[in-house]
Structure formats: C-alpha cells, structure tokens
>>> print(open('start-v7.txt').read())   # compact mmCIF, C-alpha atoms
# COMPACT_ATOMS: atom_id res chain seq x y z
CA ASP A 1 16.97 -24.27 13.42
CA HIS A 2 17.30 -21.36 11.02
CA VAL A 3 19.73 -19.56 13.32
CA ARG A 4 21.72 -22.77 13.91
CA ARG A 5 22.04 -23.44 10.17
CA SER A 6 23.07 -19.82 9.58
CA MET A 7 25.76 -20.02 12.24
CA GLN A 8 27.04 -23.31 10.77
CA ALA A 9 27.16 -21.70 7.32
CA LEU A 10 29.09 -18.81 8.83
CA GLU A 11 31.65 -21.17 10.37
CA ASP A 12 32.01 -23.12 7.12
CA ARG A 13 32.44 -19.95 5.07
CA SER A 14 34.89 -18.43 7.53
CA ALA A 15 36.95 -21.61 7.57
CA ALA A 16 37.11 -21.61 3.78
CA VAL A 17 38.64 -18.11 3.61
CA PRO A 18 42.48 -18.31 3.26
CA THR A 19 44.43 -16.69 6.06
CA GLN A 20 46.49 -14.63 3.64
CA ASN A 21 43.34 -12.81 2.50
CA MET A 22 42.77 -11.42 5.98
CA ASP A 23 44.33 -7.96 5.88
CA THR A 24 44.17 -7.34 9.61
CA PRO A 25 42.49 -8.95 12.62
CA LYS A 26 40.07 -5.99 12.70
CA LEU A 27 39.04 -6.42 9.06
CA SER A 28 38.76 -10.17 9.59
CA ALA A 29 36.33 -9.61 12.45
CA ILE A 30 34.32 -7.13 10.38
CA ARG A 31 34.05 -9.62 7.53
CA ARG A 32 32.88 -12.36 9.88
CA MET A 33 30.27 -10.03 11.36
CA ASN A 34 29.04 -9.05 7.88
CA ILE A 35 28.77 -12.68 6.88
CA MET A 36 26.85 -13.50 10.05
CA HIS A 37 24.55 -10.49 9.58
CA GLY A 38 23.75 -11.53 6.02
CA HIS A 39 22.99 -15.12 7.00
CA LEU A 40 20.82 -14.08 9.92
CA ARG A 41 18.81 -11.66 7.76
CA ILE A 42 18.15 -14.34 5.14
CA SER A 43 17.34 -16.84 7.86
CA SER A 44 14.96 -14.45 9.58
CA THR A 45 13.15 -13.56 6.34
CA THR A 46 12.88 -17.21 5.32
CA ALA A 47 11.48 -18.16 8.72
CA HIS A 48 8.96 -15.33 8.55
CA LEU A 49 7.75 -16.30 5.07
CA GLU A 50 7.47 -19.95 6.08
CA SER A 51 5.42 -19.00 9.13
CA CYS A 52 2.99 -17.12 6.83
CA SER A 53 2.67 -19.92 4.29
CA ASP A 54 -0.53 -21.29 5.83
CA ILE A 55 -2.42 -18.01 5.43
CA LEU A 56 -0.68 -16.23 2.57
CA GLN A 57 0.24 -17.33 -0.94
CA LEU A 58 3.11 -15.28 -2.30
CA SER A 59 3.73 -15.09 -6.02
CA ALA A 60 7.17 -16.27 -7.12
CA PRO A 61 8.45 -12.76 -7.99
CA VAL A 62 7.26 -11.32 -4.67
CA ARG A 63 8.72 -14.14 -2.61
CA ALA A 64 12.07 -13.88 -4.41
CA ALA A 65 12.15 -10.12 -3.92
CA LEU A 66 11.41 -10.34 -0.20
CA LEU A 67 14.09 -12.99 0.31
CA ARG A 68 16.74 -10.78 -1.25
CA HIS A 69 15.38 -7.64 0.47
CA ALA A 70 14.53 -6.01 -2.86
CA PRO A 71 11.88 -3.25 -3.02
CA VAL A 72 8.28 -4.48 -3.12
CA VAL A 73 5.15 -2.32 -3.45
CA ALA A 74 1.75 -3.57 -2.34
CA LEU A 75 -1.30 -2.68 -4.46
CA GLU A 76 -4.95 -2.99 -3.50
CA SER A 77 -7.53 -4.82 -5.61
CA THR A 78 -10.80 -3.00 -4.83
CA ILE A 79 -9.97 -0.47 -7.53
CA ILE A 80 -9.91 -3.38 -9.99
CA THR A 81 -13.25 -4.91 -9.05
CA HIS A 82 -15.21 -1.84 -7.98
CA GLY A 83 -13.38 1.09 -9.56
CA MET A 84 -14.13 0.63 -13.26
CA PRO A 85 -15.62 -1.92 -15.67
CA TYR A 86 -13.85 -4.73 -17.55
CA PRO A 87 -11.64 -4.56 -19.60
CA GLN A 88 -10.60 -1.06 -18.56
CA ASN A 89 -9.95 -2.30 -15.02
CA LEU A 90 -7.59 -5.02 -16.25
CA ALA A 91 -5.70 -2.65 -18.53
CA THR A 92 -5.32 -0.12 -15.71
CA ALA A 93 -4.14 -2.78 -13.24
CA LYS A 94 -1.48 -3.98 -15.68
CA GLU A 95 -0.36 -0.43 -16.39
CA VAL A 96 0.00 0.36 -12.68
CA GLU A 97 2.07 -2.79 -12.13
CA ALA A 98 4.21 -1.85 -15.12
CA VAL A 99 4.87 1.59 -13.61
CA VAL A 100 6.13 -0.07 -10.42
CA ARG A 101 8.42 -2.40 -12.37
CA GLU A 102 9.80 0.41 -14.52
CA ALA A 103 10.71 2.30 -11.36
CA GLY A 104 12.73 -0.67 -10.11
CA ALA A 105 10.38 -2.37 -7.65
CA VAL A 106 8.25 -5.52 -7.64
CA PRO A 107 4.45 -5.04 -7.63
CA ALA A 108 2.37 -7.15 -5.25
CA THR A 109 -1.33 -6.82 -6.04
CA ILE A 110 -3.21 -8.28 -3.07
CA ALA A 111 -6.53 -10.12 -3.31
CA ILE A 112 -8.34 -13.17 -1.95
CA LEU A 113 -9.18 -15.94 -4.40
CA ASP A 114 -11.19 -18.96 -3.26
CA GLY A 115 -10.43 -18.12 0.36
CA VAL A 116 -6.67 -17.79 -0.14
CA ALA A 117 -4.94 -14.45 0.42
CA HIS A 118 -2.65 -13.82 -2.55
CA ILE A 119 0.31 -11.47 -2.25
CA GLY A 120 1.06 -10.80 -5.88
CA LEU A 121 -1.12 -12.07 -8.72
CA THR A 122 -0.24 -13.92 -11.89
CA GLU A 123 -1.55 -12.52 -15.17
CA SER A 124 -4.34 -15.11 -15.27
CA GLU A 125 -5.32 -14.39 -11.66
CA LEU A 126 -5.40 -10.67 -12.38
CA GLU A 127 -7.63 -11.24 -15.41
CA ARG A 128 -9.94 -13.52 -13.44
CA LEU A 129 -10.37 -10.89 -10.74
CA ALA A 130 -11.02 -8.16 -13.32
CA LYS A 131 -13.69 -10.25 -15.07
CA LEU A 132 -15.45 -11.11 -11.80
CA GLY A 133 -15.75 -7.39 -11.09
CA GLN A 134 -18.33 -6.33 -8.54
CA SER A 135 -19.41 -9.92 -7.87
CA VAL A 136 -16.24 -10.10 -5.75
CA ARG A 137 -16.78 -9.11 -2.14
CA LYS A 138 -15.24 -5.81 -1.14
CA THR A 139 -13.07 -6.89 1.79
CA SER A 140 -12.03 -4.76 4.74
CA ARG A 141 -10.27 -6.03 7.90
CA ARG A 142 -13.58 -7.08 9.45
CA ASP A 143 -14.48 -9.16 6.37
CA LEU A 144 -11.27 -11.20 6.19
CA PRO A 145 -12.43 -14.03 8.53
CA ALA A 146 -15.65 -14.57 6.56
CA VAL A 147 -14.09 -14.32 3.09
CA ILE A 148 -11.15 -16.57 3.93
CA GLY A 149 -13.10 -18.93 6.21
CA MET A 150 -15.84 -19.57 3.64
CA GLY A 151 -13.53 -19.79 0.63
CA LEU A 152 -14.87 -16.68 -1.10
CA ASN A 153 -13.31 -14.18 -3.48
CA GLY A 154 -12.43 -10.79 -2.03
CA SER A 155 -10.91 -7.57 -3.29
CA THR A 156 -8.98 -5.83 -0.55
CA THR A 157 -9.59 -2.29 0.65
CA VAL A 158 -6.88 -0.11 2.14
CA SER A 159 -7.24 -1.64 5.62
CA ALA A 160 -7.15 -5.26 4.46
CA THR A 161 -4.32 -4.60 2.02
CA MET A 162 -2.28 -2.94 4.77
CA LEU A 163 -2.83 -5.84 7.14
CA LEU A 164 -1.92 -8.55 4.61
CA ALA A 165 1.05 -6.57 3.30
CA ALA A 166 2.38 -6.22 6.84
CA ARG A 167 1.98 -9.96 7.42
CA ALA A 168 4.10 -10.59 4.34
CA GLY A 169 6.77 -8.09 5.38
CA ILE A 170 5.93 -5.44 2.76
CA ARG A 171 6.33 -1.88 4.08
CA VAL A 172 5.15 0.32 1.19
CA PHE A 173 1.63 0.31 -0.23
CA VAL A 174 0.25 2.42 -3.08
CA THR A 175 -3.39 3.32 -3.56
CA GLY A 176 -5.51 6.10 -5.04
CA GLY A 177 -6.80 7.60 -1.82
CA ILE A 178 -7.55 6.53 1.73
CA GLY A 179 -10.96 6.33 3.32
CA GLY A 180 -11.83 8.66 6.15
CA VAL A 181 -14.56 10.28 8.18
CA HIS A 182 -17.67 10.54 6.05
CA ARG A 183 -19.51 13.81 5.81
CA GLY A 184 -21.92 13.91 8.72
CA GLY A 185 -19.72 11.38 10.49
CA GLU A 186 -19.99 13.35 13.73
CA SER A 187 -23.62 12.14 13.83
CA THR A 188 -23.46 8.76 12.10
CA MET A 189 -20.05 7.64 13.44
CA ASP A 190 -19.31 6.48 9.88
CA VAL A 191 -15.52 6.30 9.97
CA SER A 192 -13.47 4.19 7.57
CA ALA A 193 -11.54 1.23 8.98
CA ASP A 194 -8.59 2.59 6.98
CA LEU A 195 -7.97 5.13 9.74
CA THR A 196 -7.83 2.68 12.63
CA GLU A 197 -5.66 0.35 10.52
CA LEU A 198 -3.21 3.19 9.99
CA GLY A 199 -3.01 3.54 13.77
CA ARG A 200 -1.98 -0.08 14.34
CA THR A 201 -0.25 -1.42 11.21
CA PRO A 202 3.30 -0.30 10.28
CA VAL A 203 2.86 0.17 6.54
CA ALA A 204 3.45 3.39 4.60
CA VAL A 205 0.49 4.35 2.41
CA VAL A 206 1.33 6.43 -0.66
CA CYS A 207 -1.85 8.09 -1.88
CA ALA A 208 -3.42 11.26 -3.26
CA GLY A 209 -4.86 12.07 0.14
CA ALA A 210 -8.39 11.28 1.26
CA LYS A 211 -11.17 11.03 -1.27
CA SER A 212 -12.67 14.46 -1.70
CA VAL A 213 -16.17 13.16 -0.99
CA LEU A 214 -15.09 12.77 2.65
CA ASP A 215 -14.75 15.19 5.57
CA ILE A 216 -11.02 15.83 5.25
CA PRO A 217 -10.51 18.06 8.34
CA ARG A 218 -12.16 15.46 10.61
CA THR A 219 -10.22 12.70 8.84
CA LEU A 220 -6.93 14.39 9.71
CA GLU A 221 -8.07 14.95 13.30
CA TYR A 222 -8.84 11.25 13.59
CA LEU A 223 -5.43 10.30 12.20
CA GLU A 224 -3.78 12.61 14.72
CA THR A 225 -5.65 10.85 17.52
CA GLN A 226 -4.38 7.53 16.15
CA GLY A 227 -0.80 8.85 16.23
CA VAL A 228 -0.36 8.57 12.46
CA CYS A 229 2.30 10.67 10.75
CA VAL A 230 0.72 12.44 7.78
CA ALA A 231 3.37 13.75 5.40
CA GLY A 232 2.98 15.82 2.28
CA TYR A 233 5.14 14.66 -0.61
CA GLN A 234 6.56 17.88 -2.06
CA CYS A 235 3.59 19.79 -0.64
CA ASP A 236 2.53 21.52 2.58
CA GLU A 237 -1.20 20.81 2.36
CA PHE A 238 -2.96 17.46 2.38
CA PRO A 239 -4.12 16.58 -1.17
CA ALA A 240 -7.84 16.22 -1.83
CA PHE A 241 -7.66 13.32 -4.29
CA PHE A 242 -8.92 14.98 -7.49
CA THR A 243 -7.44 18.33 -6.56
CA PRO A 244 -3.93 19.04 -5.22
CA SER A 245 -4.93 20.85 -2.05
CA SER A 246 -7.56 20.51 0.66
CA GLY A 247 -6.65 23.63 2.61
CA CYS A 248 -5.50 21.43 5.51
CA LYS A 249 -1.85 21.44 6.61
CA VAL A 250 0.11 18.20 6.89
CA SER A 251 2.15 17.35 9.99
CA CYS A 252 5.41 17.23 8.00
CA ARG A 253 6.76 17.55 4.50
CA VAL A 254 9.15 15.27 2.58
CA ASP A 255 10.65 16.24 -0.75
CA THR A 256 12.53 13.12 -1.87
CA PRO A 257 12.14 9.33 -1.74
CA ASP A 258 15.12 9.24 0.62
CA ASP A 259 13.35 11.61 3.03
CA ALA A 260 10.25 9.44 2.94
CA ALA A 261 12.27 6.25 3.47
CA GLY A 262 13.97 7.84 6.48
CA VAL A 263 10.57 8.54 8.06
CA ILE A 264 9.45 4.94 7.46
CA LYS A 265 12.68 3.55 8.93
CA ALA A 266 12.28 5.75 12.00
CA VAL A 267 8.76 4.37 12.61
CA LEU A 268 10.05 0.81 12.25
CA ASP A 269 13.16 1.37 14.37
CA MET A 270 11.11 2.89 17.19
CA ASN A 271 8.58 0.07 16.90
CA LEU A 272 5.70 2.57 16.95
CA GLY A 273 3.37 0.04 15.37
CA SER A 274 1.56 2.70 13.34
CA GLY A 275 1.41 3.46 9.65
CA ILE A 276 2.33 6.58 7.70
CA VAL A 277 0.38 8.50 5.09
CA PHE A 278 2.28 10.16 2.26
CA GLY A 279 -0.04 12.56 0.47
CA VAL A 280 1.02 12.97 -3.17
CA PRO A 281 -0.73 15.70 -5.18
CA ILE A 282 -2.15 14.73 -8.54
CA PRO A 283 0.14 15.85 -11.40
CA LYS A 284 -0.71 19.32 -12.64
CA GLN A 285 -1.45 18.21 -16.18
CA PHE A 286 -4.19 15.89 -14.91
CA GLN A 287 -5.84 18.13 -12.36
CA GLY A 288 -9.56 18.25 -13.03
CA GLU A 289 -11.30 21.56 -12.86
CA ALA A 290 -11.83 21.87 -9.09
CA ASP A 291 -15.13 23.72 -9.44
CA VAL A 292 -16.55 21.11 -11.81
CA VAL A 293 -15.58 18.19 -9.58
CA GLN A 294 -16.75 19.93 -6.41
CA GLY A 295 -20.10 20.74 -7.99
CA ALA A 296 -20.48 17.08 -8.97
CA ILE A 297 -19.61 16.02 -5.41
CA ASP A 298 -22.23 18.30 -3.90
CA GLN A 299 -24.93 16.99 -6.21
CA ALA A 300 -23.91 13.36 -5.62
CA LEU A 301 -24.11 13.88 -1.85
CA GLN A 302 -27.66 15.18 -2.17
CA GLU A 303 -28.61 12.15 -4.28
CA ALA A 304 -27.07 9.74 -1.77
CA ALA A 305 -29.05 11.29 1.06
CA ALA A 306 -32.28 11.21 -0.95
CA GLN A 307 -31.78 7.50 -1.78
CA ASN A 308 -30.79 6.67 1.84
CA ILE A 309 -27.46 5.19 0.76
CA GLN A 310 -25.33 4.50 3.83
CA GLY A 311 -22.21 2.79 5.18
CA SER A 312 -19.69 1.18 2.84
CA GLU A 313 -21.96 1.79 -0.17
CA VAL A 314 -21.67 5.57 0.08
CA THR A 315 -18.21 6.12 -1.35
CA PRO A 316 -18.59 3.81 -4.42
CA PHE A 317 -21.92 5.48 -5.19
CA LEU A 318 -20.46 8.96 -4.88
CA LEU A 319 -17.41 8.16 -7.00
CA GLU A 320 -19.58 6.67 -9.75
CA ARG A 321 -21.96 9.65 -9.73
CA VAL A 322 -19.11 12.14 -9.64
CA GLN A 323 -17.58 10.42 -12.66
CA LYS A 324 -20.82 10.74 -14.62
CA LEU A 325 -21.68 14.24 -13.45
CA SER A 326 -18.18 15.53 -14.16
CA GLY A 327 -18.19 14.11 -17.68
CA GLY A 328 -15.45 11.57 -16.97
CA VAL A 329 -12.99 14.13 -15.62
CA SER A 330 -12.81 12.35 -12.24
CA LEU A 331 -12.07 8.87 -13.69
CA THR A 332 -9.31 10.19 -15.93
CA ALA A 333 -7.81 11.96 -12.93
CA ASN A 334 -8.20 8.83 -10.80
CA ILE A 335 -6.19 6.65 -13.18
CA ALA A 336 -3.52 9.32 -13.62
CA LEU A 337 -3.00 9.83 -9.90
CA VAL A 338 -2.80 6.08 -9.18
CA LYS A 339 -0.06 5.70 -11.79
CA HIS A 340 1.79 8.71 -10.40
CA ASN A 341 1.47 7.33 -6.86
CA ALA A 342 2.82 3.99 -8.10
CA HIS A 343 5.94 5.69 -9.43
CA VAL A 344 6.48 7.66 -6.22
CA GLY A 345 5.80 4.60 -4.06
CA ALA A 346 8.26 2.46 -6.01
CA MET A 347 10.96 5.10 -5.62
CA ILE A 348 10.32 5.26 -1.87
CA ALA A 349 10.46 1.45 -1.65
CA ARG A 350 13.80 1.50 -3.46
CA SER A 351 15.21 4.06 -1.03
CA LEU A 352 13.92 2.04 1.93
CA ALA A 353 15.53 -1.14 0.57
CA THR A 354 18.84 0.72 0.34
CA LEU A 355 18.57 1.82 3.98
CA ASP A 356 17.86 -1.76 5.03
CA LYS A 357 21.07 -3.07 3.47
>>> encode(input="start-v7.txt", output="structure tokens")
Amino acid sequence: DHVRRSMQALEDRSAAVPTQNMDTPKLSAIRRMNIMHGHLRISSTTAHLESCSDILQLSAPVRAALLRHAPVVALESTIITHGMPYPQNLATAKEVEAVVREAGAVPATIAILDGVAHIGLTESELERLAKLGQSVRKTSRRDLPAVIGMGLNGSTTVSATMLLAARAGIRVFVTGGIGGVHRGGESTMDVSADLTELGRTPVAVVCAGAKSVLDIPRTLEYLETQGVCVAGYQCDEFPAFFTPSSGCKVSCRVDTPDDAAGVIKAVLDMNLGSGIVFGVPIPKQFQGEADVVQGAIDQALQEAAAQNIQGSEVTPFLLERVQKLSGGVSLTANIALVKHNAHVGAMIARSLATLDK
C-alpha cells in the first residue's frame, strides 16, 4: 500500500509539472526518478516505523527526524540510573542531550518505562528515570523479554540500546565505554553481551574504548572473532576509557566524521550485519593521572575478589570504588568523555545523514 500510494503521488506530481519546464527528455527522466526515489524512501521509513509501533514508542522529535532522514544519536540510560546519584545524573543526562543538539543531531535516550521501550525521552520521563535510580533494572539483551513482558522499568546497557536503536532505524549510538572480557575471563567465561551484540547488530558505537577495569587485549581479540571493525578516532591505539591509550592497536584509523560515516555506510551497503566501534580518546585536559587511576583499579579488583563479587555486579562495583579511591578523578573524567563522545557521535551522524541523501 505504501509503495502504491507513493507511485500514485509520483504520477500526480509528474502530471502537474508544466511541459515547458522540462528542459530536455533526459532531465525530465532524472526529475521523475528523483521524485520517485524521495517518495519511496519516505514510504519505506514510514512503513518501518509503523511496523515497530507495537514494541517501540518513539518521541515526537525522534520520529520526525527519522522520517526526514535527519541525524539521530542513540544514548543509553544505564549511566543515568547506575552511573551517579540524583540529581547529578539528571543534570548530566540533560547536558549530554544538549551537546548532541548543539552539534546538529537529535538525541534519542533509550529506556524501558512500565514495560514500554522508549526511543527518546521527554523531560518528565528523563527526570522520572533519574529519580528511580538503581531501583530500575539494568537491562541487557537477555533481560528485555522479562522487563517488557512484566511491565517493569529498565535502563538499557550497550547491548540493549544497540538492539532497540537498530529496530528504530538509528545507526549511531554514543556511550562512555563498552563492556568486554572481564579480567580472569579466560577462566570464568565472563564476557559482556556488548561484544556479541556488536557482532550481530549494525549500529556504530562511539565510545572511549573499553572500561579500563576490563581485559582490553582479550576484548579486542573477541571483537576480531566477531568480525567487528574497531576504529580509532584520530588515534592509532584503542583508548582505555579514563586514559587515552591502552597499548593495543586498532584495526583502522579515521580522522574525520566523513571518514567514519563512510565506514558505517560501507558496513550497511555490504549488509555485513555487524556493528562498528569508534574509540575516541578522552580530551587531554580531562585525562586523569593514569598512575592514580590504575592504582585505584588494582585495589578495587582485590576488594571485588575478596568480597566474591561476580557477573554483572563487578563493573558497577569497580567503577564506584575507583571513583572513591581516585578522589573523584574518574567520575569527572567519565562525564567529560561522555560529552566529548556525544559531540563526535553527532558529527558522525550528520555526515552519515548527508551520505544517505
């Protein structure tokens, strides 16, 4: 029906164009093809959004942006509920969204409220989520059926945010850092679902690398096995979240938003089905003292082992302890790098939108 209506609109529009305005038969044909292409794109996007309406609730700004093929940037919500206390979490979330807007893109914070997956939150929804804090269930891909099926509230991790963003047709996602292979993962098999999601969901993740509490070399090996392109944004080494370098080389380097957009388009055009990681180093003026942060990480790891903290609870525990042990250096760096990533991600989304036109 959508294609039929688009074709009818094409015929009506073509019939309404005066013959004297047609410079040549060739230009006339080109114009008709451009009209048809525009109608079919709108029709296809509308049909896709309507097909998602039963499982996704898009905010008005996000829906409008997707319909006109404007740049949209997905944002996760776990950082809001589990990253810092209220009201600092709300202020940070608003600031990150503002960075995306100022760079010319539309922010789409993703979360689950009362069992409904929201793609883009209103101000009141954002405040509600921030106030609920850690009472909200941290939601990975595996948790989506339970959270949605039982009408619960959920803040989305990297894997769940990627999945829901892809369902909505959003191709760029900004976060602080991705999960990875936990230290000792060769024995425990504790590997973040973020890595397998990157291997099967075509969304570009703009981040400051993997969290430095993880085993970064094994994380990159796992991503290679999954066929994920790992690119350094203006760098040759994979960032280590709080510090700009991990000592591990990336598989390629991009230096501009246009370069990054070209890589994303290539993945989509070849229908690879996998995601991309763009590692963006933390800005120099916000780089914490590497020795201080690393010392805090080492101590936090020992405490986690002594308290038998395992699974999905490990990383939040470590990040909280590192924040305290480092005297707040890590939290300040965390907020700074997320904002920087938001700016870079929005610029990449803008370049990608230009390529799509």
>>> residues_around(input="start-v7.txt", residues="Val136 of chain A", least_positions_apart="4", cutoff="8 Å", atoms="all atoms listed in the file", output="PyMOL selection string")
chain A and resi 81+129+132+153-155
>>> write_last_selection(input="start-v7.txt", atoms="C-alpha atoms", output="CSV table (one decimal), in the coordinates of the input")
chain,number,residue,atom,x,y,z
A,81,THR,CA,-13.2,-4.9,-9.0
A,129,LEU,CA,-10.4,-10.9,-10.7
A,132,LEU,CA,-15.4,-11.1,-11.8
A,153,ASN,CA,-13.3,-14.2,-3.5
A,154,GLY,CA,-12.4,-10.8,-2.0
A,155,SER,CA,-10.9,-7.6,-3.3
>>> residues_around(input="start-v7.txt", residues="segment 107-121 of chain A", least_positions_apart="2", cutoff="7 Å", atoms="only C-alpha atoms", output="MDAnalysis selection string")
chainID A and resid 55:59 62 72:77 97 100:101 105 123 125:126 147:156 161
>>> atom_distance(input="start-v7.txt", atom1="atom CA of Phe317 of chain A", atom2="atom CA of Gln299 of chain A")
11.9 Å
>>> atom_distance(input="start-v7.txt", atom1="atom CA of Leu352 of chain A", atom2="atom CA of Gly227 of chain A")
21.6 Å
>>> atom_distance(input="start-v7.txt", atom1="atom CA of Leu268 of chain A", atom2="atom CA of Pro281 of chain A")
25.3 Å
>>> residues_around(input="start-v7.txt", residues="Gly262 of chain A", least_positions_apart="6", cutoff="12 Å", atoms="only C-alpha atoms", output="ChimeraX atom specification")
/A:204,254-256,268-269,276,348-356
>>> closest_residue(input="start-v7.txt", among="A:Thr219, A:Ser187, A:Gln226, A:Thr157", to="Lys138 of chain A", atoms="all atoms listed in the file")
A:Thr157
>>> closest_residue(input="start-v7.txt", among="A:Leu66, A:Ala208, A:Met347, A:Val314", to="Gln302 of chain A", atoms="only C-alpha atoms")
A:Val314
>>> closest_residue(input="start-v7.txt", among="A:Gly273, A:Arg137, A:Ala130, A:His182", to="Thr201 of chain A", atoms="only C-alpha atoms")
A:Gly273
>>> closest_residue(input="start-v7.txt", among="A:Ile80, A:Met162, A:Ile170, A:Ile282", to="Val344 of chain A", atoms="all atoms listed in the file")
A:Ile282
>>> axis_aligned_box(input="start-v7.txt", around="segment 231-241 of chain A", padding_each_side="5 Å", output="lines of an AutoDock Vina configuration file")
center_x = -0.6
center_y = 17.4
center_z = 0.6
size_x = 24.4
size_y = 18.2
size_z = 19.7
>>> closest_residue(input="start-v7.txt", among="A:Pro202, A:Phe241, A:Ala296, A:Gly327", to="Val267 of chain A", atoms="all atoms listed in the file")
A:Pro202
>>> closest_residue(input="start-v7.txt", among="A:Ala168, A:Val230, A:Ala333, A:Ala160", to="Glu197 of chain A", atoms="only C-alpha atoms")
A:Ala160
>>> residues_around(input="start-v7.txt", residues="Ile216 of chain A", least_positions_apart="2", cutoff="10 Å", atoms="all atoms listed in the file", output="list in words")
Gly179, Gly180, Val181, His182, Arg183, Gly209, Ala210, Lys211, Ser212, Val213, Leu214, Arg218, Thr219, Leu220, Glu221, Tyr222, Phe238, Pro239, Ala240, Ser246, Gly247 and Cys248 of chain A
>>> residues_around(input="start-v7.txt", residues="Lys339 of chain A", least_positions_apart="6", cutoff="10 Å", atoms="only C-alpha atoms", output="PyMOL selection string")
chain A and resi 92-93+95-100+174-176+282+345
>>> closest_atom_pairs(input="start-v7.txt", of="segment 177-241 of chain A", to="segment 140-144 of chain A", cutoff="10 Å", atoms="only C-alpha atoms", output="CSV")
residue,atom,partner,partner_atom,distance
A:Ser192,CA,A:Ser140,CA,9.5
A:Ala193,CA,A:Ser140,CA,7.4
A:Asp194,CA,A:Ser140,CA,8.4
A:Glu197,CA,A:Arg141,CA,8.3
